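> Structure file target-v2.cif, mmCIF, C-alpha atoms, is pasted below:
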```
data_target
#
loop_
_atom_site.group_PDB
_atom_site.id
_atom_site.type_symbol
_atom_site.label_atom_id
_atom_site.label_comp_id
_atom_site.auth_asym_id
_atom_site.auth_seq_id
_atom_site.Cartn_x
_atom_site.Cartn_y
_atom_site.Cartn_z
ATOM 1 C CA MET A 1 -124.691 21.015 -92.412
ATOM 2 C CA ILE A 2 -123.040 19.933 -95.690
ATOM 3 C CA LYS A 3 -119.675 20.115 -93.960
ATOM 4 C CA ASN A 4 -120.923 17.654 -91.320
ATOM 5 C CA LYS A 5 -122.090 15.204 -93.968
ATOM 6 C CA LYS A 6 -118.693 15.362 -95.701
ATOM 7 C CA ALA A 7 -116.974 14.855 -92.387
ATOM 8 C CA ASP A 8 -119.149 11.781 -91.721
ATOM 9 C CA LYS A 9 -118.194 10.288 -95.082
ATOM 10 C CA ILE A 10 -114.507 10.945 -94.468
ATOM 11 C CA ILE A 11 -114.755 9.321 -91.045
ATOM 12 C CA SER A 12 -116.441 6.200 -92.452
ATOM 13 C CA VAL A 13 -113.821 5.865 -95.220
ATOM 14 C CA TYR A 14 -111.098 6.366 -92.623
ATOM 15 C CA TRP A 15 -112.792 3.746 -90.410
ATOM 16 C CA PHE A 16 -112.872 1.208 -93.249
ATOM 17 C CA ALA A 17 -109.250 1.960 -94.084
ATOM 18 C CA ILE A 18 -108.313 1.163 -90.468
ATOM 19 C CA LEU A 19 -110.397 -2.029 -90.597
ATOM 20 C CA PHE A 20 -108.641 -3.154 -93.766
ATOM 21 C CA ILE A 21 -105.210 -2.418 -92.309
ATOM 22 C CA VAL A 22 -106.042 -4.379 -89.127
ATOM 23 C CA ALA A 23 -107.498 -7.259 -91.166
ATOM 24 C CA ALA A 24 -104.472 -7.344 -93.459
ATOM 25 C CA ALA A 25 -102.171 -7.470 -90.423
ATOM 26 C CA ILE A 26 -104.192 -10.324 -88.860
ATOM 27 C CA VAL A 27 -104.265 -12.266 -92.155
ATOM 28 C CA TYR A 28 -100.508 -11.783 -92.580
ATOM 29 C CA MET A 29 -99.824 -12.988 -89.019
ATOM 30 C CA VAL A 30 -102.103 -16.017 -89.359
ATOM 31 C CA ILE A 31 -100.608 -17.031 -92.710
ATOM 32 C CA SER A 32 -97.051 -16.632 -91.436
ATOM 33 C CA PHE A 33 -97.892 -18.578 -88.231
ATOM 34 C CA TYR A 34 -99.816 -21.477 -89.782
ATOM 35 C CA GLY A 35 -97.726 -21.484 -92.964
ATOM 36 C CA GLU A 36 -94.599 -22.125 -90.922
ATOM 37 C CA PRO A 37 -94.044 -25.863 -90.369
ATOM 38 C CA TYR A 38 -93.739 -27.302 -86.861
ATOM 39 C CA ASP A 39 -90.049 -27.714 -86.089
ATOM 40 C CA ILE A 40 -89.652 -31.007 -84.225
ATOM 41 C CA ARG A 41 -85.990 -31.678 -85.036
ATOM 42 C CA GLU A 42 -84.764 -30.885 -81.540
ATOM 43 C CA ALA A 43 -87.292 -33.302 -80.041
ATOM 44 C CA GLU A 44 -86.182 -35.911 -82.574
ATOM 45 C CA ALA A 45 -82.524 -35.380 -81.669
ATOM 46 C CA TYR A 46 -83.381 -35.800 -77.956
ATOM 47 C CA ALA A 47 -85.331 -38.993 -78.705
ATOM 48 C CA LEU A 48 -82.440 -40.332 -80.781
ATOM 49 C CA THR A 49 -79.938 -39.595 -77.999
ATOM 50 C CA ASN A 50 -82.185 -41.284 -75.413
ATOM 51 C CA LYS A 51 -82.661 -44.293 -77.659
ATOM 52 C CA VAL A 52 -78.899 -44.672 -78.181
ATOM 53 C CA ALA A 53 -78.123 -44.149 -74.482
ATOM 54 C CA GLY A 54 -80.761 -46.728 -73.510
ATOM 55 C CA CYS A 55 -79.229 -49.189 -75.950
ATOM 56 C CA LEU A 56 -75.655 -48.734 -74.677
ATOM 57 C CA SER A 57 -76.335 -48.744 -70.996
ATOM 58 C CA GLU A 58 -79.012 -50.370 -68.897
ATOM 59 C CA ALA A 59 -79.705 -49.483 -65.255
ATOM 60 C CA GLY A 60 -76.394 -47.616 -65.050
ATOM 61 C CA TYR A 61 -74.304 -50.536 -66.366
ATOM 62 C CA LEU A 62 -72.682 -50.710 -69.785
ATOM 63 C CA ASN A 63 -74.047 -53.510 -71.938
ATOM 64 C CA GLU A 64 -71.340 -56.132 -72.141
ATOM 65 C CA THR A 65 -71.316 -56.423 -75.922
ATOM 66 C CA VAL A 66 -71.143 -52.674 -76.630
ATOM 67 C CA LEU A 67 -67.365 -52.518 -77.035
ATOM 68 C CA SER A 68 -67.181 -55.550 -79.292
ATOM 69 C CA GLU A 69 -66.502 -55.412 -83.024
ATOM 70 C CA ASP A 70 -69.786 -57.176 -83.749
ATOM 71 C CA PHE A 71 -71.784 -54.508 -81.924
ATOM 72 C CA ARG A 72 -69.980 -51.719 -83.773
ATOM 73 C CA GLU A 73 -70.661 -53.316 -87.136
ATOM 74 C CA ASN A 74 -74.283 -54.154 -86.418
ATOM 75 C CA PHE A 75 -75.047 -51.089 -84.322
ATOM 76 C CA MET A 76 -78.201 -50.164 -86.264
ATOM 77 C CA GLU A 77 -79.766 -53.620 -85.863
ATOM 78 C CA LYS A 78 -78.651 -54.018 -82.248
ATOM 79 C CA CYS A 79 -80.086 -50.643 -81.224
ATOM 80 C CA LYS A 80 -83.132 -51.001 -83.495
ATOM 81 C CA LEU A 81 -82.465 -47.897 -85.543
ATOM 82 C CA ASN A 82 -83.506 -47.236 -89.116
ATOM 83 C CA PHE A 83 -82.295 -44.063 -90.828
ATOM 84 C CA GLU A 84 -84.356 -44.566 -94.005
ATOM 85 C CA VAL A 85 -86.397 -41.468 -94.827
ATOM 86 C CA GLU A 86 -89.187 -40.542 -97.230
ATOM 87 C CA ASP A 87 -88.172 -40.015 -100.835
ATOM 88 C CA VAL A 88 -88.613 -36.228 -101.057
ATOM 89 C CA TYR A 89 -86.246 -33.298 -101.569
ATOM 90 C CA GLY A 90 -83.504 -35.818 -102.406
ATOM 91 C CA TRP A 91 -83.416 -36.944 -98.771
ATOM 92 C CA ARG A 92 -82.706 -40.592 -99.589
ATOM 93 C CA GLU A 93 -79.450 -39.780 -101.396
ATOM 94 C CA TRP A 94 -78.109 -37.544 -98.650
ATOM 95 C CA GLY A 95 -79.295 -39.057 -95.398
ATOM 96 C CA GLN A 96 -80.936 -36.940 -92.727
ATOM 97 C CA TYR A 97 -79.542 -38.465 -89.556
ATOM 98 C CA TYR A 98 -76.124 -38.891 -88.013
ATOM 99 C CA VAL A 99 -75.065 -40.497 -84.749
ATOM 100 C CA GLU A 100 -71.552 -40.523 -83.342
ATOM 101 C CA ILE A 101 -70.708 -42.303 -80.108
ATOM 102 C CA ASN A 102 -67.322 -41.941 -78.440
ATOM 103 C CA PHE A 103 -66.289 -44.134 -75.514
ATOM 104 C CA TYR A 104 -63.670 -42.822 -73.086
ATOM 105 C CA ASP A 105 -61.918 -44.375 -70.126
ATOM 106 C CA PHE A 106 -63.184 -42.172 -67.298
ATOM 107 C CA SER A 107 -59.927 -42.213 -65.273
ATOM 108 C CA THR A 108 -57.423 -41.642 -68.129
ATOM 109 C CA ASN A 109 -59.791 -39.786 -70.490
ATOM 110 C CA GLN A 110 -58.412 -41.879 -73.349
ATOM 111 C CA SER A 111 -60.601 -42.783 -76.287
ATOM 112 C CA ILE A 112 -61.473 -46.483 -76.308
ATOM 113 C CA SER A 113 -63.840 -46.867 -79.191
ATOM 114 C CA SER A 114 -66.234 -44.965 -81.428
ATOM 115 C CA ILE A 115 -69.280 -45.698 -83.556
ATOM 116 C CA LYS A 116 -70.402 -43.508 -86.473
ATOM 117 C CA LYS A 117 -73.598 -44.043 -88.400
ATOM 118 C CA GLY A 118 -75.563 -41.941 -90.866
ATOM 119 C CA ASN A 119 -74.545 -38.981 -92.988
ATOM 120 C CA GLU A 120 -71.246 -37.729 -91.551
ATOM 121 C CA ALA A 121 -71.300 -34.633 -93.773
ATOM 122 C CA LEU A 122 -73.998 -33.162 -91.511
ATOM 123 C CA LYS A 123 -71.390 -32.709 -88.781
ATOM 124 C CA ILE A 124 -69.771 -29.804 -90.657
ATOM 125 C CA ASP A 125 -72.817 -27.601 -90.066
ATOM 126 C CA CYS A 126 -72.933 -28.145 -86.312
ATOM 127 C CA ASP A 127 -70.891 -24.999 -85.579
ATOM 128 C CA LYS A 128 -73.225 -22.831 -87.620
ATOM 129 C CA GLU A 129 -76.154 -21.059 -86.111
ATOM 130 C CA GLY A 130 -79.510 -20.681 -87.787
ATOM 131 C CA LYS A 131 -82.698 -22.599 -88.404
ATOM 132 C CA THR A 132 -81.668 -23.722 -91.869
ATOM 133 C CA PHE A 133 -78.820 -25.838 -90.515
ATOM 134 C CA PRO A 134 -79.198 -29.317 -89.004
ATOM 135 C CA VAL A 135 -79.991 -29.627 -85.303
ATOM 136 C CA CYS A 136 -77.044 -31.056 -83.370
ATOM 137 C CA LEU A 137 -77.308 -32.388 -79.854
ATOM 138 C CA GLU A 138 -74.323 -33.570 -77.842
ATOM 139 C CA ARG A 139 -74.805 -35.341 -74.541
ATOM 140 C CA SER A 140 -72.446 -37.334 -72.365
ATOM 141 C CA PHE A 141 -73.041 -39.788 -69.562
ATOM 142 C CA TYR A 142 -71.075 -41.854 -67.113
ATOM 143 C CA THR A 143 -71.420 -45.595 -66.782
ATOM 144 C CA LEU A 144 -69.759 -48.688 -65.295
ATOM 145 C CA ASP A 145 -69.255 -52.200 -66.547
ATOM 146 C CA LYS A 146 -69.668 -55.322 -64.412
ATOM 147 C CA GLU A 147 -65.990 -55.135 -63.379
ATOM 148 C CA LYS A 148 -66.587 -51.585 -62.114
ATOM 149 C CA ASN A 149 -64.501 -49.999 -64.873
ATOM 150 C CA GLN A 150 -65.690 -46.440 -65.415
ATOM 151 C CA TYR A 151 -66.566 -45.020 -68.814
ATOM 152 C CA GLN A 152 -67.661 -41.703 -70.211
ATOM 153 C CA ILE A 153 -69.806 -41.960 -73.317
ATOM 154 C CA ASN A 154 -70.396 -38.957 -75.595
ATOM 155 C CA VAL A 155 -73.345 -39.153 -77.970
ATOM 156 C CA LEU A 156 -73.700 -36.682 -80.830
ATOM 157 C CA SER A 157 -77.079 -36.805 -82.578
ATOM 158 C CA ILE A 158 -77.791 -34.783 -85.702
ATOM 159 C CA VAL A 159 -81.130 -34.403 -87.471
ATOM 160 C CA ARG A 160 -81.346 -32.428 -90.714
ATOM 161 C CA LYS A 161 -84.841 -32.633 -92.274
ATOM 162 C CA THR A 162 -84.667 -28.870 -92.814
ATOM 163 C CA ASP A 163 -87.085 -28.816 -95.750
ATOM 164 C CA LYS A 164 -89.998 -30.130 -93.685
ATOM 165 C CA ASN A 165 -89.293 -28.219 -90.483
ATOM 166 C CA VAL A 166 -88.196 -24.778 -91.576
ATOM 167 C CA GLN A 167 -89.567 -22.521 -94.264
ATOM 168 C CA MET B 1 -140.893 18.842 -89.660
ATOM 169 C CA ARG B 2 -141.146 16.569 -92.683
ATOM 170 C CA ARG B 3 -137.507 17.271 -93.610
ATOM 171 C CA MET B 4 -136.400 16.304 -90.118
ATOM 172 C CA ILE B 5 -138.147 12.936 -90.272
ATOM 173 C CA ASN B 6 -136.469 12.180 -93.642
ATOM 174 C CA LYS B 7 -133.098 13.211 -92.267
ATOM 175 C CA LYS B 8 -133.441 10.923 -89.266
ATOM 176 C CA GLY B 9 -134.409 8.078 -91.624
ATOM 177 C CA ASN B 10 -131.271 8.647 -93.706
ATOM 178 C CA ILE B 11 -129.027 8.610 -90.664
ATOM 179 C CA LEU B 12 -130.563 5.377 -89.431
ATOM 180 C CA THR B 13 -130.215 3.635 -92.818
ATOM 181 C CA GLN B 14 -126.614 4.782 -93.153
ATOM 182 C CA ASN B 15 -125.782 3.504 -89.703
ATOM 183 C CA ILE B 16 -127.442 0.146 -90.299
ATOM 184 C CA ILE B 17 -125.575 -0.325 -93.601
ATOM 185 C CA PHE B 18 -122.354 0.684 -91.899
ATOM 186 C CA ILE B 19 -122.894 -1.812 -89.047
ATOM 187 C CA ILE B 20 -123.892 -4.615 -91.432
ATOM 188 C CA LEU B 21 -120.798 -4.026 -93.563
ATOM 189 C CA ASN B 22 -118.633 -4.113 -90.447
ATOM 190 C CA LEU B 23 -120.238 -7.354 -89.303
ATOM 191 C CA ILE B 24 -119.785 -8.958 -92.733
ATOM 192 C CA PHE B 25 -116.183 -7.847 -92.757
ATOM 193 C CA LEU B 26 -115.454 -9.198 -89.280
ATOM 194 C CA SER B 27 -117.260 -12.490 -89.900
ATOM 195 C CA ILE B 28 -115.196 -13.062 -93.077
ATOM 196 C CA LEU B 29 -112.094 -12.491 -90.963
ATOM 197 C CA VAL B 30 -113.244 -14.937 -88.282
ATOM 198 C CA VAL B 31 -114.140 -17.596 -90.902
ATOM 199 C CA PHE B 32 -110.690 -17.155 -92.447
ATOM 200 C CA LEU B 33 -109.011 -17.548 -89.042
ATOM 201 C CA PHE B 34 -110.911 -20.719 -88.164
ATOM 202 C CA SER B 35 -110.397 -22.215 -91.624
ATOM 203 C CA LYS B 36 -106.647 -21.703 -91.286
ATOM 204 C CA MET B 37 -106.528 -23.037 -87.728
ATOM 205 C CA GLY B 38 -108.321 -26.291 -88.451
ATOM 206 C CA SER B 39 -107.374 -26.845 -92.075
ATOM 207 C CA ALA B 40 -106.702 -30.374 -93.275
ATOM 208 C CA ALA B 41 -103.124 -29.531 -94.309
ATOM 209 C CA VAL B 42 -102.238 -28.138 -90.864
ATOM 210 C CA LEU B 43 -103.782 -31.141 -89.068
ATOM 211 C CA GLU B 44 -102.075 -33.634 -91.389
ATOM 212 C CA GLU B 45 -98.694 -32.122 -90.600
ATOM 213 C CA LYS B 46 -99.444 -31.894 -86.884
ATOM 214 C CA TYR B 47 -100.554 -35.520 -86.562
ATOM 215 C CA ALA B 48 -97.850 -36.972 -88.843
ATOM 216 C CA LYS B 49 -95.120 -35.297 -86.799
ATOM 217 C CA GLN B 50 -96.796 -36.122 -83.486
ATOM 218 C CA ILE B 51 -97.099 -39.815 -84.408
ATOM 219 C CA ALA B 52 -93.496 -39.890 -85.688
ATOM 220 C CA LEU B 53 -92.253 -38.456 -82.378
ATOM 221 C CA ILE B 54 -94.358 -40.917 -80.364
ATOM 222 C CA LEU B 55 -93.013 -43.822 -82.412
ATOM 223 C CA ASP B 56 -89.432 -42.594 -82.018
ATOM 224 C CA SER B 57 -89.758 -43.001 -78.254
ATOM 225 C CA ALA B 58 -91.923 -46.123 -78.319
ATOM 226 C CA GLU B 59 -90.838 -49.455 -76.910
ATOM 227 C CA PRO B 60 -91.969 -52.955 -77.977
ATOM 228 C CA GLY B 61 -95.197 -54.031 -76.288
ATOM 229 C CA MET B 62 -96.582 -50.499 -75.905
ATOM 230 C CA ILE B 63 -100.182 -49.597 -76.713
ATOM 231 C CA ILE B 64 -100.616 -45.920 -77.602
ATOM 232 C CA ASN B 65 -104.030 -44.244 -77.698
ATOM 233 C CA LEU B 66 -104.114 -41.092 -79.788
ATOM 234 C CA ASN B 67 -107.106 -38.755 -79.749
ATOM 235 C CA MET B 68 -107.702 -37.577 -83.309
ATOM 236 C CA GLU B 69 -111.216 -36.194 -82.963
ATOM 237 C CA ASP B 70 -110.603 -33.028 -84.986
ATOM 238 C CA ALA B 71 -108.836 -34.930 -87.774
ATOM 239 C CA ILE B 72 -111.639 -37.513 -87.921
ATOM 240 C CA LYS B 73 -114.229 -34.703 -88.293
ATOM 241 C CA ILE B 74 -112.387 -33.364 -91.323
ATOM 242 C CA ALA B 75 -111.910 -36.847 -92.794
ATOM 243 C CA ASN B 76 -115.647 -37.494 -92.459
ATOM 244 C CA LYS B 77 -116.411 -34.223 -94.233
ATOM 245 C CA GLU B 78 -114.043 -35.215 -97.029
ATOM 246 C CA ASN B 79 -115.614 -38.702 -97.199
ATOM 247 C CA ARG B 80 -112.331 -40.408 -96.336
ATOM 248 C CA ALA B 81 -112.466 -43.947 -94.982
ATOM 249 C CA LEU B 82 -111.244 -43.880 -91.390
ATOM 250 C CA ASN B 83 -108.936 -46.865 -91.865
ATOM 251 C CA ASN B 84 -106.989 -44.916 -94.499
ATOM 252 C CA ILE B 85 -106.260 -41.791 -92.470
ATOM 253 C CA ILE B 86 -103.001 -43.053 -90.986
ATOM 254 C CA SER B 87 -100.714 -45.420 -92.800
ATOM 255 C CA ILE B 88 -97.208 -46.537 -91.908
ATOM 256 C CA GLN B 89 -94.960 -47.960 -94.579
ATOM 257 C CA SER B 90 -91.421 -48.962 -93.717
ATOM 258 C CA ASN B 91 -90.613 -46.180 -91.234
ATOM 259 C CA VAL B 92 -92.667 -43.361 -92.740
ATOM 260 C CA VAL B 93 -95.953 -42.160 -91.236
ATOM 261 C CA LYS B 94 -98.484 -40.819 -93.731
ATOM 262 C CA VAL B 95 -101.586 -38.881 -92.637
ATOM 263 C CA GLN B 96 -104.194 -38.201 -95.313
ATOM 264 C CA LEU B 97 -107.418 -36.383 -94.433
ATOM 265 C CA ARG B 98 -108.446 -35.335 -97.974
ATOM 266 C CA GLU B 99 -108.422 -36.785 -101.465
ATOM 267 C CA LYS B 100 -105.773 -34.451 -102.808
ATOM 268 C CA GLY B 101 -102.770 -34.113 -100.567
ATOM 269 C CA ASP B 102 -101.231 -35.834 -97.581
ATOM 270 C CA TYR B 103 -98.291 -35.412 -95.211
ATOM 271 C CA SER B 104 -95.505 -37.905 -94.579
ATOM 272 C CA TYR B 105 -92.792 -37.900 -91.939
ATOM 273 C CA SER B 106 -90.186 -40.511 -91.110
ATOM 274 C CA PHE B 107 -89.156 -41.914 -87.736
ATOM 275 C CA PHE B 108 -85.916 -43.696 -86.848
ATOM 276 C CA ASN B 109 -87.170 -46.327 -84.398
ATOM 277 C CA ASP B 110 -87.054 -49.739 -86.093
ATOM 278 C CA ILE B 111 -90.228 -51.262 -84.669
ATOM 279 C CA VAL B 112 -93.161 -53.266 -85.995
ATOM 280 C CA ILE B 113 -96.419 -51.339 -85.757
ATOM 281 C CA ASP B 114 -100.085 -52.156 -86.031
ATOM 282 C CA ILE B 115 -102.825 -49.495 -86.082
ATOM 283 C CA ASP B 116 -106.483 -49.813 -85.209
ATOM 284 C CA PHE B 117 -109.381 -47.408 -84.605
ATOM 285 C CA SER B 118 -110.209 -48.495 -81.146
ATOM 286 C CA ILE B 119 -109.117 -51.037 -78.610
ATOM 287 C CA TYR B 120 -112.700 -51.826 -77.572
ATOM 288 C CA PRO B 121 -114.323 -54.859 -79.218
ATOM 289 C CA ASP B 122 -117.581 -53.121 -80.117
ATOM 290 C CA THR B 123 -117.270 -49.599 -81.468
ATOM 291 C CA SER B 124 -120.573 -49.505 -83.355
ATOM 292 C CA SER B 125 -122.362 -47.501 -80.665
ATOM 293 C CA ILE B 126 -119.386 -45.315 -79.723
ATOM 294 C CA PRO B 127 -118.199 -42.653 -82.135
ATOM 295 C CA VAL B 128 -114.553 -43.276 -82.989
ATOM 296 C CA LYS B 129 -112.252 -40.575 -81.629
ATOM 297 C CA GLU B 130 -109.099 -42.452 -80.898
ATOM 298 C CA TYR B 131 -106.562 -44.361 -82.880
ATOM 299 C CA VAL B 132 -104.719 -47.140 -81.149
ATOM 300 C CA ILE B 133 -101.143 -47.872 -82.118
ATOM 301 C CA PHE B 134 -99.785 -51.253 -81.094
ATOM 302 C CA ILE B 135 -96.041 -51.710 -80.972
ATOM 303 C CA GLU B 136 -95.408 -55.383 -81.505
ATOM 304 C CA GLY B 137 -92.972 -57.437 -79.467
ATOM 305 C CA ASP B 138 -92.319 -58.013 -75.790
ATOM 306 C CA ASN B 139 -90.837 -55.338 -73.640
#
```
Show me this structure written as structure tokens.


Amino acid sequence: MIKNKKADKIISVYWFAILFIVAAAIVYMVISFYGEPYDIREAEAYALTNKVAGCLSEAGYLNETVLSEDFRENFMEKCKLNFEVEDVYGWREWGQYYVEINFYDFSTNQSISSIKKGNEALKIDCDKEGKTFPVCLERSFYTLDKEKNQYQINVLSIVRKTDKNVQ
Amino acid sequence: MRRMINKKGNILTQNIIFIILNLIFLSILVVFLFSKMGSAAVLEEKYAKQIALILDSAEPGMIINLNMEDAIKIANKENRALNNIISIQSNVVKVQLREKGDYSYSFFNDIVIDIDFSIYPDTSSIPVKEYVIFIEGDN
């Protein structure tokens, strides 16, 4: 009889121990899930690439001014881009975005022109794998001008913002 | 006979205490889960990033309706004025649902933005759930 009572007590202690272990596991999982920031850098890089592509080419035709010196110099204003960021983690000093556009003659594959804006230093980390490195997205598309000259345009978009997207 | 009745009583009390403790334990766990899921900090981050992404892809002349019912509930609990929940300065979105703390996130699209609670002229009888973001300019 006494043995049974002891056994009951042991079972209830064992039961609570299991409950605590399960609860601790759930709490750990919830904290690690909700404590992790949402990583939207890839979506941002896609949006940036789309924005640039839409600015360079409209309805399949290259915008006439794109290859001019004026467009290259005032690319940010012409394409309505603003790479200013919030003043945290020293972001303002370093710059969190980079865009590089290379224009090629489609038939000869020769480089015609290029536009680079943002923090070029981010490009170094593009070969590296891992969440703590900037997200790099390279896309290319084919387009024509009004004289039916064919062009290939490569757009490289890089978004860093690691501190707010990765823990 | 008397001993048996007492024994049964003990077993019942023990079981009830055991069940109550289990229930308390589980309800604390559930409260913790829900508090984490819908916490102001999590929602601030979620909405700031969501709005930044929407604005990145926005074009001049667009009107964007954003359902923020869960954020508005929290802001009301924290006595925050609804017109101060979202603010956009330069190209940084700031969402603030509580007195202490907020979340900011930048977007790259250089557009002029205006924010309102609702597009409808009279919102006095309708509880506000949506924010309306107007992108100025012609498409």

> Translate the PyMOL selection byres ((chain B and resi 114) around 8) into a concrete residue list for this structure, as a VMD selection string.

chain B and resid 112 to 113 115 to 116 133 to 136

> What residues in chain A have any atom no more than 8 Å from chain B when counting all atoms listed in the file, and can you write them as a list in words?

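The complete set of qualifying residues is Ala23, Val27, Val30, Ile31, Tyr34, Pro37, Tyr38, Ile40, Ala43, Glu44, Ala47, Leu48, Lys51, Lys80, Leu81, Asn82, Phe83, Glu84, Val85 and Glu86 of chain A.
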
> Would you compute the distance between CA of Ser113 in chain A and CA of Ser68 in chain A? Give it in Å to one decimal.

9.3 Å

> Evaluate the PyMOL selection byres ((chain A and resi 136) around 9) on the structure here and hand back the selected residues as a PDB file with C-alpha atoms, keeping the file's coordinate frame.


```
ATOM      1  CA  GLU A  42     -84.764 -30.885 -81.540  1.00  0.00           C
ATOM      2  CA  ALA A  45     -82.524 -35.380 -81.669  1.00  0.00           C
ATOM      3  CA  LEU A 122     -73.998 -33.162 -91.511  1.00  0.00           C
ATOM      4  CA  LYS A 123     -71.390 -32.709 -88.781  1.00  0.00           C
ATOM      5  CA  ASP A 125     -72.817 -27.601 -90.066  1.00  0.00           C
ATOM      6  CA  CYS A 126     -72.933 -28.145 -86.312  1.00  0.00           C
ATOM      7  CA  ASP A 127     -70.891 -24.999 -85.579  1.00  0.00           C
ATOM      8  CA  PRO A 134     -79.198 -29.317 -89.004  1.00  0.00           C
ATOM      9  CA  VAL A 135     -79.991 -29.627 -85.303  1.00  0.00           C
ATOM     10  CA  LEU A 137     -77.308 -32.388 -79.854  1.00  0.00           C
ATOM     11  CA  GLU A 138     -74.323 -33.570 -77.842  1.00  0.00           C
ATOM     12  CA  LEU A 156     -73.700 -36.682 -80.830  1.00  0.00           C
ATOM     13  CA  SER A 157     -77.079 -36.805 -82.578  1.00  0.00           C
ATOM     14  CA  ILE A 158     -77.791 -34.783 -85.702  1.00  0.00           C
ATOM     15  CA  VAL A 159     -81.130 -34.403 -87.471  1.00  0.00           C
ATOM     16  CA  ARG A 160     -81.346 -32.428 -90.714  1.00  0.00           C
TER      17      ARG A 160
END
```

> What residues have an atom no more than 6 Å from (-68.5, -42.6, -81.9) in the file's own frame, counting all atoms listed in the file, and can you write them as a PDB file with C-alpha atoms, keeping the file's coordinate frame?


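This is the output file selection.pdb:
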```
ATOM      1  CA  GLU A 100     -71.552 -40.523 -83.342  1.00  0.00           C
ATOM      2  CA  ILE A 101     -70.708 -42.303 -80.108  1.00  0.00           C
ATOM      3  CA  ASN A 102     -67.322 -41.941 -78.440  1.00  0.00           C
ATOM      4  CA  SER A 114     -66.234 -44.965 -81.428  1.00  0.00           C
ATOM      5  CA  ILE A 115     -69.280 -45.698 -83.556  1.00  0.00           C
ATOM      6  CA  LYS A 116     -70.402 -43.508 -86.473  1.00  0.00           C
TER       7      LYS A 116
END
```

> Given the choices A:Asn109, A:Ser32, A:Thr132, A:Leu19, which gets closest to Ile24 in chain B if the distance is worked out from only C-alpha atoms?

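Ranked by minimum distance to Ile24 in chain B, first place goes to A:Leu19.
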
> Using Å and a single decimal, report how far CA of Asp145 in chain A sits from CA of Phe106 in chain A.

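If I compute the distance from CA of Phe106 in chain A to CA of Asp145 in chain A, I get 11.7 Å.
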
> How far is it from CA of Glu120 in chain A to CA of Tyr97 in chain A, in Å with one decimal?

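Between CA of Glu120 in chain A and CA of Tyr97 in chain A the gap works out to 8.6 Å.
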
> So what does the PyMOL selection byres ((chain B and resi 95) around 6) actually pick up in this one, as a list in words?

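With the shown file as input, the PyMOL selection byres ((chain B and resi 95) around 6) matches Glu44, Ala48, Ile85, Ile86, Lys94, Gln96, Asp102 and Tyr103 of chain B.
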